[in-house]
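Visitor: Structure in structure tokens, see below.
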Amino acid sequence: MATLRVAILWHQHQPFYKDLVTGEYRLPWVRMHALKDYYGMVKLLEEFPNVHQTFNLVPSLIAQIEDYVAGAARDPFLNVATKPAKDLERHERRFALDYLFFANPTQMIGRYPRYRELWDMYRGAGQDAARAERLFQPQDFTDLQVLSQVAWFDEFFLEQPDVAALVKKERRYSLEDQKFVTAKQLEILASVLPAHAAAAKRGGIEISTSPFYHPILPLLCDTNQGAVSTPGLPLPQCPFRRPEDAKEQLVRGLDQHERVFGVRPRGVWPSEGSVSEEVMEIAANCGVQWMATDEGVLGRTLRFNFARDVHGQLAAGGPEKLYAPYLYEKNSTRMNLVFRDHTLSDLIGFVYSGMNPQDAANHFLQSIRAAASPLLQKGKDALVSVILDGENAWEYYPRSGREFLRRVYERLQSEKDVEAVTVSEAITRHKEQPKLNSIVPGSWINANFNVWIGAPEDNKSWDYLSAARTFYAQVAPMASAEKRKLAFDEIMIAEGSDWNWWYGPEHHSANDRDFDELYRKHLSNVYHTLGAEPPLYLAQPICGGAARPEFTTQTAYIHPRVSGDLTRYFDWIGAAMYTADRHAGAMHGKVFLLDAIFAGIDEENLYGRLDFIGGIPEGEYDLVVTIDRTDPVGFAAAAGPGGTRKNSGETIPSSMRLETKVSDAKILAWRLHPADAKTDIAWSDVADNNTVRVILRKTFEFQIAQALLGARRGHTLHLRFSIWRDRLPADALPIEGTLDVAIVPEEEMSEGAMNYSAFS
């Protein structure tokens, strides 16, 4: 019988946030993700001993975790979270309000009612820390300090009796509670690396590594490689060619792995899956046995298009080429290569968070089987490689995605002809290994390097790095060994890929300025350490301040004619609005269909509007609007089974769904029903449905009587728009949280009107 092997690699990575000169951490994400994801992802596998996986731990991440465990990390975010609220100075209170709400509003903040209440207070002040500070009392700050940390705790630690008791307390936390949370954080952080080491020792996981500070190795070797992948790409003025730095980054990663885990790693996930022939020669000479990258790189190398149908399945010939480990041989270089299935990996990263865990797991396993079936039917083994970020996606899943993962692992372990394997196991067990004698340089993103080079901001950052590296080469020989080492470490940190991830047009976040300042600080430290003044240009921002996602609250009653016509701009003035920066976030690869949403009320109705990117999408799909109702203080209006509350003698659900079936840009049917029930409140076949109206023309628009939603004065309606294809969520707005409409008189809207920015 042919065997279906599934090799899942979780890439665990954070940039190097520490300023080596001051010793201070500029951002808290190493600590936060170590609290939430790294331990539990490995711990979960103890329940499934036959499910083997690969975890790629980036060396700079390991170094920072060790720094925290040793008590050497100076983290201003942790300091503010642990200081007694009554002792917080004004700037610290504002700092707390600016940063302690950095969490997913739905799955993390919304999980804790008091945290959501504080979030609503902060949003009510326009997400302006100076304004919000006057509203927050010391007890509010204490509750925020505790819950902002607990919200990031790993699911396994949340189940411990002492943590569960703290969560059950819900509010009015004390200084002792703060101290407990601080101690528990250190316990979680200290468990991360030993958990990985133990899992590797018992054979459940393989741990691979990356270049130390996560640089794009082909570009370190030669920035001209950017134009090899994309002919005509604008390049930096000063070419950067430092293959010796690429080797040093790789050797440091291998050495650190051996120090921490006691063995030399076999495999490397090169930063962002970036490979070239020069990089593989360097890696092979360092003893690396396998590397991994994306199907796009294989496709360009083979001159084969891995085309897929509407269900994501590869066209003829694709499975035979993709689902096998390759052996690259050129001159004396030998390297095993595996290529990730881009579509399957993205399903976990972007799609399944919006689905029932069991349905998502079933779809994933069915998709893997369908993908490999052309090989299995011929009696040939298939290796399906699923490789993705192992931390950022879980913020969007309920309970950190653990139930989804359990369902997936149950299926992988129970099906007899399926093996869940490490990458090394996959290479060893696969009988037929195709050969490659060349490779086209590229990364996992579009099989090129355009995210990190080519845009004006990217090229400027490379020129600044090149100047600092040249300065180092000229001056370092005259410096002491200690200063020479510190300056070179700063160079290597600046060579990391993360800085250019946020430069250019592709990605943005609420921390863009922080990343920009930290990158320039690392370069400035090179000059300072070697006794020189940094160039003046390093005091000026590189990033150009591109537009960010924006929320606007409702400022006046609206009375739109629901017709789906874009020309009626003034009908929607005063509505709540969310416009998305479609390049936001740390993860890449999402396909965007939705552009902006609007919502608002008048005396009797709720109105909503959805604008699309590039016109109405083609094909068949469902448009879904979820409408949740909460009471004045921000708690769910549920008072009985099914989330309902008695209202005017009726039982009215607190969560509704408006579902609209679309085909060829036309509505086939629509229905309004409780989110947890099949019974319709209104539907498209009703002869008289004046209480609900749904239109799709140039835009999607609807009108619903507030009475159907049980909305009364003081309530808030929380809306989320999504589009589903083949029972899978394809896109949604807002990306995080909801668009909120308060049921209040019009004069109260105008008094409290304000704009506020969305977290990313």
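Ordering of the structure tokens sets the chain letters (A, B, ...), residue numbers begin anew at 1 in every chain, and ligands are numbered from 1 in the order given.
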Near range 2-15 of chain A, counting only C-alpha atoms, which residues have an atom at most 7 Å away, once you skip same-chain residues fewer than 6 positions from it, shown as number ranges by chain?

Guide: A: 30, 53-58, 61, 376, 379-391, 417-423, 498

Visitor: Mind dumping the selected residues with N, CA, C and O atoms as a tab-separated table (two decimals), in the first residue's frame?

Guide:
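The resulting file, selection.tsv, is reproduced below:
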chain	number	residue	atom	x	y	z
A	30	VAL	N	8.49	38.61	21.92
A	30	VAL	CA	9.13	37.34	22.29
A	30	VAL	C	8.47	36.80	23.55
A	30	VAL	O	8.08	35.63	23.63
A	53	GLN	N	6.51	15.93	14.11
A	53	GLN	CA	6.54	17.22	13.41
A	53	GLN	C	7.92	17.85	13.54
A	53	GLN	O	8.76	17.40	14.33
A	54	THR	N	8.12	18.90	12.76
A	54	THR	CA	9.36	19.67	12.81
A	54	THR	C	9.05	21.07	13.34
A	54	THR	O	8.10	21.71	12.88
A	55	PHE	N	9.85	21.50	14.29
A	55	PHE	CA	9.74	22.85	14.82
A	55	PHE	C	11.03	23.60	14.48
A	55	PHE	O	12.11	23.16	14.86
A	56	ASN	N	10.87	24.70	13.78
A	56	ASN	CA	12.03	25.51	13.44
A	56	ASN	C	12.12	26.66	14.43
A	56	ASN	O	11.27	27.55	14.46
A	57	LEU	N	13.15	26.62	15.27
A	57	LEU	CA	13.36	27.67	16.27
A	57	LEU	C	14.48	28.58	15.79
A	57	LEU	O	15.64	28.16	15.70
A	58	VAL	N	14.13	29.83	15.51
A	58	VAL	CA	15.13	30.78	15.02
A	58	VAL	C	16.09	31.13	16.16
A	58	VAL	O	15.66	31.40	17.28
A	61	LEU	N	15.43	34.10	18.40
A	61	LEU	CA	14.32	33.88	19.32
A	61	LEU	C	14.82	33.13	20.56
A	61	LEU	O	14.50	33.50	21.70
A	376	LEU	N	-1.06	8.29	-5.00
A	376	LEU	CA	-1.46	7.11	-4.23
A	376	LEU	C	-2.18	6.09	-5.11
A	376	LEU	O	-2.00	4.88	-4.93
A	379	GLY	N	0.04	3.76	-6.68
A	379	GLY	CA	0.86	2.96	-5.79
A	379	GLY	C	2.14	3.62	-5.38
A	379	GLY	O	3.07	2.96	-4.87
A	380	LYS	N	2.25	4.94	-5.55
A	380	LYS	CA	3.46	5.68	-5.20
A	380	LYS	C	3.24	6.45	-3.90
A	380	LYS	O	2.18	7.02	-3.67
A	381	ASP	N	4.29	6.48	-3.08
A	381	ASP	CA	4.22	7.28	-1.86
A	381	ASP	C	4.16	8.77	-2.20
A	381	ASP	O	4.68	9.21	-3.25
A	382	ALA	N	3.56	9.54	-1.31
A	382	ALA	CA	3.46	10.98	-1.49
A	382	ALA	C	3.92	11.68	-0.22
A	382	ALA	O	3.58	11.26	0.89
A	383	LEU	N	4.70	12.73	-0.37
A	383	LEU	CA	5.12	13.57	0.75
A	383	LEU	C	4.50	14.96	0.57
A	383	LEU	O	4.84	15.67	-0.38
A	384	VAL	N	3.59	15.31	1.47
A	384	VAL	CA	2.96	16.63	1.44
A	384	VAL	C	3.58	17.46	2.56
A	384	VAL	O	3.47	17.11	3.74
A	385	SER	N	4.23	18.55	2.18
A	385	SER	CA	4.91	19.41	3.15
A	385	SER	C	4.06	20.63	3.45
A	385	SER	O	3.72	21.40	2.54
A	386	VAL	N	3.72	20.80	4.71
A	386	VAL	CA	2.94	21.95	5.16
A	386	VAL	C	3.84	22.75	6.09
A	386	VAL	O	4.23	22.27	7.16
A	387	ILE	N	4.18	23.96	5.68
A	387	ILE	CA	5.15	24.78	6.41
A	387	ILE	C	4.57	26.17	6.58
A	387	ILE	O	4.15	26.80	5.59
A	388	LEU	N	4.53	26.65	7.81
A	388	LEU	CA	3.97	27.98	8.04
A	388	LEU	C	4.39	28.53	9.39
A	388	LEU	O	4.94	27.81	10.24
A	389	ASP	N	4.10	29.80	9.56
A	389	ASP	CA	4.31	30.50	10.82
A	389	ASP	C	3.60	29.75	11.93
A	389	ASP	O	2.41	29.44	11.82
A	390	GLY	N	4.31	29.47	13.02
A	390	GLY	CA	3.72	28.69	14.10
A	390	GLY	C	3.23	29.51	15.26
A	390	GLY	O	2.94	28.95	16.32
A	391	GLU	N	3.09	30.84	15.08
A	391	GLU	CA	2.68	31.65	16.22
A	391	GLU	C	1.58	32.66	15.89
A	391	GLU	O	0.59	32.77	16.62
A	417	ASP	N	-3.00	4.59	6.60
A	417	ASP	CA	-2.08	4.80	5.49
A	417	ASP	C	-1.45	6.19	5.51
A	417	ASP	O	-0.86	6.64	4.53
A	418	VAL	N	-1.56	6.90	6.64
A	418	VAL	CA	-1.01	8.25	6.77
A	418	VAL	C	0.08	8.24	7.84
A	418	VAL	O	-0.10	7.67	8.91
A	419	GLU	N	1.21	8.86	7.53
A	419	GLU	CA	2.28	9.04	8.49
A	419	GLU	C	2.54	10.53	8.66
A	419	GLU	O	2.78	11.24	7.67
A	420	ALA	N	2.47	11.00	9.90
A	420	ALA	CA	2.87	12.38	10.21
A	420	ALA	C	4.32	12.34	10.64
A	420	ALA	O	4.66	11.76	11.68
A	421	VAL	N	5.23	12.92	9.83
A	421	VAL	CA	6.66	12.69	9.98
A	421	VAL	C	7.43	14.00	10.10
A	421	VAL	O	6.96	15.06	9.69
A	422	THR	N	8.62	13.89	10.66
A	422	THR	CA	9.56	15.01	10.60
A	422	THR	C	10.13	15.08	9.19
A	422	THR	O	10.01	14.13	8.39
A	423	VAL	N	10.80	16.18	8.89
A	423	VAL	CA	11.38	16.31	7.55
A	423	VAL	C	12.46	15.26	7.34
A	423	VAL	O	12.54	14.63	6.27
A	498	ASP	N	13.57	41.10	9.10
A	498	ASP	CA	12.34	41.67	9.66
A	498	ASP	C	12.20	43.16	9.41
A	498	ASP	O	11.09	43.68	9.31

Visitor: Would you give me, as a PDB file with N, CA, C and O atoms, in the first residue's frame, the residues in range 481-577 of chain A that DSSP reads as strand (DSSP E or B)?

Guide:
ATOM      1  N   GLY A 496      19.065  41.255   9.504  1.00  0.00           N
ATOM      2  CA  GLY A 496      17.857  40.448   9.590  1.00  0.00           C
ATOM      3  C   GLY A 496      16.785  40.886   8.613  1.00  0.00           C
ATOM      4  O   GLY A 496      16.712  42.050   8.207  1.00  0.00           O
ATOM      5  N   HIS A 508       2.178  46.441   6.859  1.00  0.00           N
ATOM      6  CA  HIS A 508       2.165  47.519   7.841  1.00  0.00           C
ATOM      7  C   HIS A 508       1.596  46.979   9.142  1.00  0.00           C
ATOM      8  O   HIS A 508       0.846  46.011   9.164  1.00  0.00           O
ATOM      9  N   GLU A 550      -8.492  51.902   9.405  1.00  0.00           N
ATOM     10  CA  GLU A 550      -9.138  52.950  10.175  1.00  0.00           C
ATOM     11  C   GLU A 550     -10.575  52.597  10.502  1.00  0.00           C
ATOM     12  O   GLU A 550     -11.328  52.141   9.643  1.00  0.00           O
ATOM     13  N   PHE A 551     -10.940  52.793  11.748  1.00  0.00           N
ATOM     14  CA  PHE A 551     -12.323  52.754  12.187  1.00  0.00           C
ATOM     15  C   PHE A 551     -12.811  54.186  12.342  1.00  0.00           C
ATOM     16  O   PHE A 551     -12.071  55.056  12.797  1.00  0.00           O
ATOM     17  N   THR A 552     -14.066  54.418  12.021  1.00  0.00           N
ATOM     18  CA  THR A 552     -14.724  55.674  12.348  1.00  0.00           C
ATOM     19  C   THR A 552     -16.056  55.340  12.982  1.00  0.00           C
ATOM     20  O   THR A 552     -16.806  54.525  12.451  1.00  0.00           O
ATOM     21  N   ALA A 576     -20.787  54.614  10.791  1.00  0.00           N
ATOM     22  CA  ALA A 576     -19.555  53.974  11.242  1.00  0.00           C
ATOM     23  C   ALA A 576     -18.893  53.314  10.036  1.00  0.00           C
ATOM     24  O   ALA A 576     -19.584  52.806   9.140  1.00  0.00           O
ATOM     25  N   MET A 577     -17.567  53.328   9.992  1.00  0.00           N
ATOM     26  CA  MET A 577     -16.879  52.854   8.797  1.00  0.00           C
ATOM     27  C   MET A 577     -15.582  52.165   9.196  1.00  0.00           C
ATOM     28  O   MET A 577     -14.936  52.545  10.176  1.00  0.00           O
TER      29      MET A 577
END

Visitor: Excluding Thr293 in chain A and any residue of its chain fewer than 5 positions from it, enumerate the residues within 7 Å of it, using only C-alpha atoms, and give them as a PyMOL selection string.

Guide: chain A and resi 273-274+338-340+443-444

Visitor: Report, in Å to a single decimal, how far apart CA of Tyr396 in chain A and CA of Leu158 in chain A are.

Guide: 17.9 Å

Visitor: For Gly504 in chain A, work out the shell of residues within 8 Å, counting only C-alpha atoms and skipping chain neighbours fewer than 3 positions away, then give it as an MDAnalysis selection string.

Guide: chainID A and resid 451:452 455:458 500:501 507 543

Visitor: Go ahead and write the residues just picked, all heavy atoms, as a PDB file, in the first residue's frame.

Guide:
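Below you can see out.pdb, which holds the result:
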ATOM      1  N   VAL A 451       9.706  41.525  -1.452  1.00  0.00           N
ATOM      2  CA  VAL A 451       9.269  42.083  -0.166  1.00  0.00           C
ATOM      3  C   VAL A 451      10.427  42.806   0.519  1.00  0.00           C
ATOM      4  O   VAL A 451      10.212  43.769   1.259  1.00  0.00           O
ATOM      5  CB  VAL A 451       8.713  40.966   0.738  1.00  0.00           C
ATOM      6  CG1 VAL A 451       8.546  41.433   2.179  1.00  0.00           C
ATOM      7  CG2 VAL A 451       7.383  40.465   0.196  1.00  0.00           C
ATOM      8  N   TRP A 452      11.674  42.379   0.273  1.00  0.00           N
ATOM      9  CA  TRP A 452      12.824  42.874   1.022  1.00  0.00           C
ATOM     10  C   TRP A 452      13.746  43.780   0.218  1.00  0.00           C
ATOM     11  O   TRP A 452      14.682  44.339   0.780  1.00  0.00           O
ATOM     12  CB  TRP A 452      13.632  41.693   1.561  1.00  0.00           C
ATOM     13  CG  TRP A 452      12.789  40.781   2.403  1.00  0.00           C
ATOM     14  CD1 TRP A 452      12.499  40.926   3.735  1.00  0.00           C
ATOM     15  CD2 TRP A 452      12.097  39.607   1.972  1.00  0.00           C
ATOM     16  NE1 TRP A 452      11.670  39.923   4.153  1.00  0.00           N
ATOM     17  CE2 TRP A 452      11.405  39.089   3.096  1.00  0.00           C
ATOM     18  CE3 TRP A 452      11.986  38.939   0.750  1.00  0.00           C
ATOM     19  CZ2 TRP A 452      10.617  37.941   3.027  1.00  0.00           C
ATOM     20  CZ3 TRP A 452      11.205  37.798   0.680  1.00  0.00           C
ATOM     21  CH2 TRP A 452      10.542  37.310   1.808  1.00  0.00           C
ATOM     22  N   ALA A 455      11.711  48.244  -3.475  1.00  0.00           N
ATOM     23  CA  ALA A 455      10.946  49.449  -3.148  1.00  0.00           C
ATOM     24  C   ALA A 455      11.902  50.522  -2.625  1.00  0.00           C
ATOM     25  O   ALA A 455      12.961  50.208  -2.070  1.00  0.00           O
ATOM     26  CB  ALA A 455       9.871  49.139  -2.115  1.00  0.00           C
ATOM     27  N   PRO A 456      11.570  51.806  -2.782  1.00  0.00           N
ATOM     28  CA  PRO A 456      12.479  52.870  -2.318  1.00  0.00           C
ATOM     29  C   PRO A 456      12.888  52.729  -0.850  1.00  0.00           C
ATOM     30  O   PRO A 456      14.063  52.911  -0.514  1.00  0.00           O
ATOM     31  CB  PRO A 456      11.671  54.149  -2.564  1.00  0.00           C
ATOM     32  CG  PRO A 456      10.779  53.806  -3.721  1.00  0.00           C
ATOM     33  CD  PRO A 456      10.411  52.358  -3.509  1.00  0.00           C
ATOM     34  N   GLU A 457      11.944  52.406   0.036  1.00  0.00           N
ATOM     35  CA  GLU A 457      12.287  52.248   1.451  1.00  0.00           C
ATOM     36  C   GLU A 457      13.247  51.077   1.650  1.00  0.00           C
ATOM     37  O   GLU A 457      14.213  51.165   2.420  1.00  0.00           O
ATOM     38  CB  GLU A 457      11.026  52.035   2.285  1.00  0.00           C
ATOM     39  CG  GLU A 457      10.135  53.251   2.400  1.00  0.00           C
ATOM     40  CD  GLU A 457       8.890  52.974   3.222  1.00  0.00           C
ATOM     41  OE1 GLU A 457       8.742  51.839   3.726  1.00  0.00           O
ATOM     42  OE2 GLU A 457       8.064  53.888   3.375  1.00  0.00           O
ATOM     43  N   ASP A 458      12.968  49.949   0.969  1.00  0.00           N
ATOM     44  CA  ASP A 458      13.839  48.782   1.080  1.00  0.00           C
ATOM     45  C   ASP A 458      15.256  49.109   0.626  1.00  0.00           C
ATOM     46  O   ASP A 458      16.242  48.780   1.305  1.00  0.00           O
ATOM     47  CB  ASP A 458      13.293  47.628   0.231  1.00  0.00           C
ATOM     48  CG  ASP A 458      11.975  47.084   0.757  1.00  0.00           C
ATOM     49  OD1 ASP A 458      11.766  47.100   1.977  1.00  0.00           O
ATOM     50  OD2 ASP A 458      11.156  46.639  -0.072  1.00  0.00           O
ATOM     51  N   ASN A 500      13.079  44.996   6.752  1.00  0.00           N
ATOM     52  CA  ASN A 500      12.542  45.264   5.415  1.00  0.00           C
ATOM     53  C   ASN A 500      11.180  44.631   5.187  1.00  0.00           C
ATOM     54  O   ASN A 500      10.481  44.983   4.234  1.00  0.00           O
ATOM     55  CB  ASN A 500      13.526  44.781   4.337  1.00  0.00           C
ATOM     56  CG  ASN A 500      14.671  45.758   4.138  1.00  0.00           C
ATOM     57  OD1 ASN A 500      15.011  46.508   5.050  1.00  0.00           O
ATOM     58  ND2 ASN A 500      15.262  45.763   2.965  1.00  0.00           N
ATOM     59  N   TRP A 501      10.786  43.695   6.055  1.00  0.00           N
ATOM     60  CA  TRP A 501       9.422  43.175   5.975  1.00  0.00           C
ATOM     61  C   TRP A 501       8.414  44.309   6.126  1.00  0.00           C
ATOM     62  O   TRP A 501       7.381  44.344   5.464  1.00  0.00           O
ATOM     63  CB  TRP A 501       9.219  42.126   7.074  1.00  0.00           C
ATOM     64  CG  TRP A 501       7.848  41.523   7.107  1.00  0.00           C
ATOM     65  CD1 TRP A 501       6.772  41.980   7.802  1.00  0.00           C
ATOM     66  CD2 TRP A 501       7.399  40.364   6.389  1.00  0.00           C
ATOM     67  NE1 TRP A 501       5.675  41.168   7.589  1.00  0.00           N
ATOM     68  CE2 TRP A 501       6.040  40.172   6.721  1.00  0.00           C
ATOM     69  CE3 TRP A 501       8.015  39.476   5.510  1.00  0.00           C
ATOM     70  CZ2 TRP A 501       5.293  39.125   6.201  1.00  0.00           C
ATOM     71  CZ3 TRP A 501       7.261  38.423   5.002  1.00  0.00           C
ATOM     72  CH2 TRP A 501       5.926  38.261   5.343  1.00  0.00           C
ATOM     73  N   HIS A 507       3.616  45.382   3.763  1.00  0.00           N
ATOM     74  CA  HIS A 507       3.110  45.097   5.103  1.00  0.00           C
ATOM     75  C   HIS A 507       3.167  46.338   5.981  1.00  0.00           C
ATOM     76  O   HIS A 507       4.094  47.143   5.878  1.00  0.00           O
ATOM     77  CB  HIS A 507       3.936  43.979   5.770  1.00  0.00           C
ATOM     78  CG  HIS A 507       4.047  42.746   4.944  1.00  0.00           C
ATOM     79  ND1 HIS A 507       5.201  42.364   4.309  1.00  0.00           N
ATOM     80  CD2 HIS A 507       3.127  41.811   4.616  1.00  0.00           C
ATOM     81  CE1 HIS A 507       4.996  41.236   3.647  1.00  0.00           C
ATOM     82  NE2 HIS A 507       3.745  40.886   3.807  1.00  0.00           N
ATOM     83  N   CYS A 543      10.649  54.775   6.960  1.00  0.00           N
ATOM     84  CA  CYS A 543       9.281  54.470   6.531  1.00  0.00           C
ATOM     85  C   CYS A 543       8.522  55.759   6.253  1.00  0.00           C
ATOM     86  O   CYS A 543       8.717  56.779   6.916  1.00  0.00           O
ATOM     87  CB  CYS A 543       8.547  53.620   7.567  1.00  0.00           C
ATOM     88  SG  CYS A 543       8.288  54.391   9.155  1.00  0.00           S
TER      89      CYS A 543
END

Visitor: Would you give me, as CSV, each residue of range 279-313 of chain A having an atom within 9 Å of an atom of range 261-265 of chain A, along with its shortest atom pair and that distance in Å to one decimal, using only C-alpha atoms and sorting by chain and residue number?

Guide:
residue,atom,partner,partner_atom,distance
A:Gly287,CA,A:Arg264,CA,8.8
A:Val288,CA,A:Pro265,CA,7.5
A:Gln289,CA,A:Pro265,CA,8.6

Visitor: Need the shell around Pro239 in chain A: protein/DNA/RNA residues with any atom at most 9 Å away, counting only C-alpha atoms. Skip same-chain ones fewer than 3 positions apart. Format as a PyMOL selection string?

Guide: chain A and resi 222-224+235-236+462-463+466

Visitor: Quick one: residues within 9 Å of Met280 in chain A, only C-alpha atoms, excluding same-chain residues fewer than 2 positions away - as a PyMOL selection string?

Guide: chain A and resi 275-278+282-285+288+291+328+333-335

Visitor: Choose the residue, out of A:Leu696, A:Leu314, A:Val181, A:Met355, that has the smallest atom-to-atom separation from Gly401 in chain A; count only C-alpha atoms.

Guide: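 Among the listed residues, the smallest separation from Gly401 in chain A belongs to A:Met355.
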
Visitor: Determine, counting only C-alpha atoms, which protein, DNA and RNA residues have an atom within 12 Å of an atom of Lys179 in chain A; residues of the same chain fewer than 2 positions away are not included. Present the result as a PyMOL selection string.

Guide: chain A and resi 78-79+81-84+142+145-146+149+166+173-177+181-186

Visitor: Record the distance separating CA of Leu219 in chain A and CA of Glu244 in chain A, expressed in Å with one decimal.

Guide: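 Between CA of Leu219 in chain A and CA of Glu244 in chain A the gap is 12.1 Å.
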
Visitor: Counting only C-alpha atoms, which of A:Ser400, A:Gln474, A:Gln358, A:Gln137 gets nearest to Met41 in chain A?

Guide: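 Among the listed residues, the smallest separation from Met41 in chain A belongs to A:Ser400.
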
Visitor: May I ask which of the residues A:Val167, A:Val260, A:Leu518, A:Leu100 is the closest one to Thr22 in chain A, counting only C-alpha atoms?

Guide: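 Looking only at the distances to Thr22 in chain A, the closest residue turns out to be A:Leu518.
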
Visitor: May I ask for the distance between CA of Pro617 in chain A and CA of Ala599 in chain A, given in Å to one decimal place?

Guide: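 Computing the Euclidean distance for CA of Pro617 in chain A and CA of Ala599 in chain A yields 21.2 Å.
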
Visitor: Based on DSSP run over this structure's backbone, return all residues of range 247-453 of chain A in alpha helix (DSSP H), as a VMD selection string.

Guide: chain A and resid 247 to 261 277 to 285 295 to 302 318 to 322 342 to 346 357 to 376 402 to 414 423 to 429

Visitor: Have a look at A:Gln160, A:Trp152, A:Pro59, A:Asn104 and name the one nearest to Gly253 in chain A; count only C-alpha atoms.

Guide: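 Between A:Gln160, A:Trp152, A:Pro59, A:Asn104, the residue approaching Gly253 in chain A most closely is A:Pro59.
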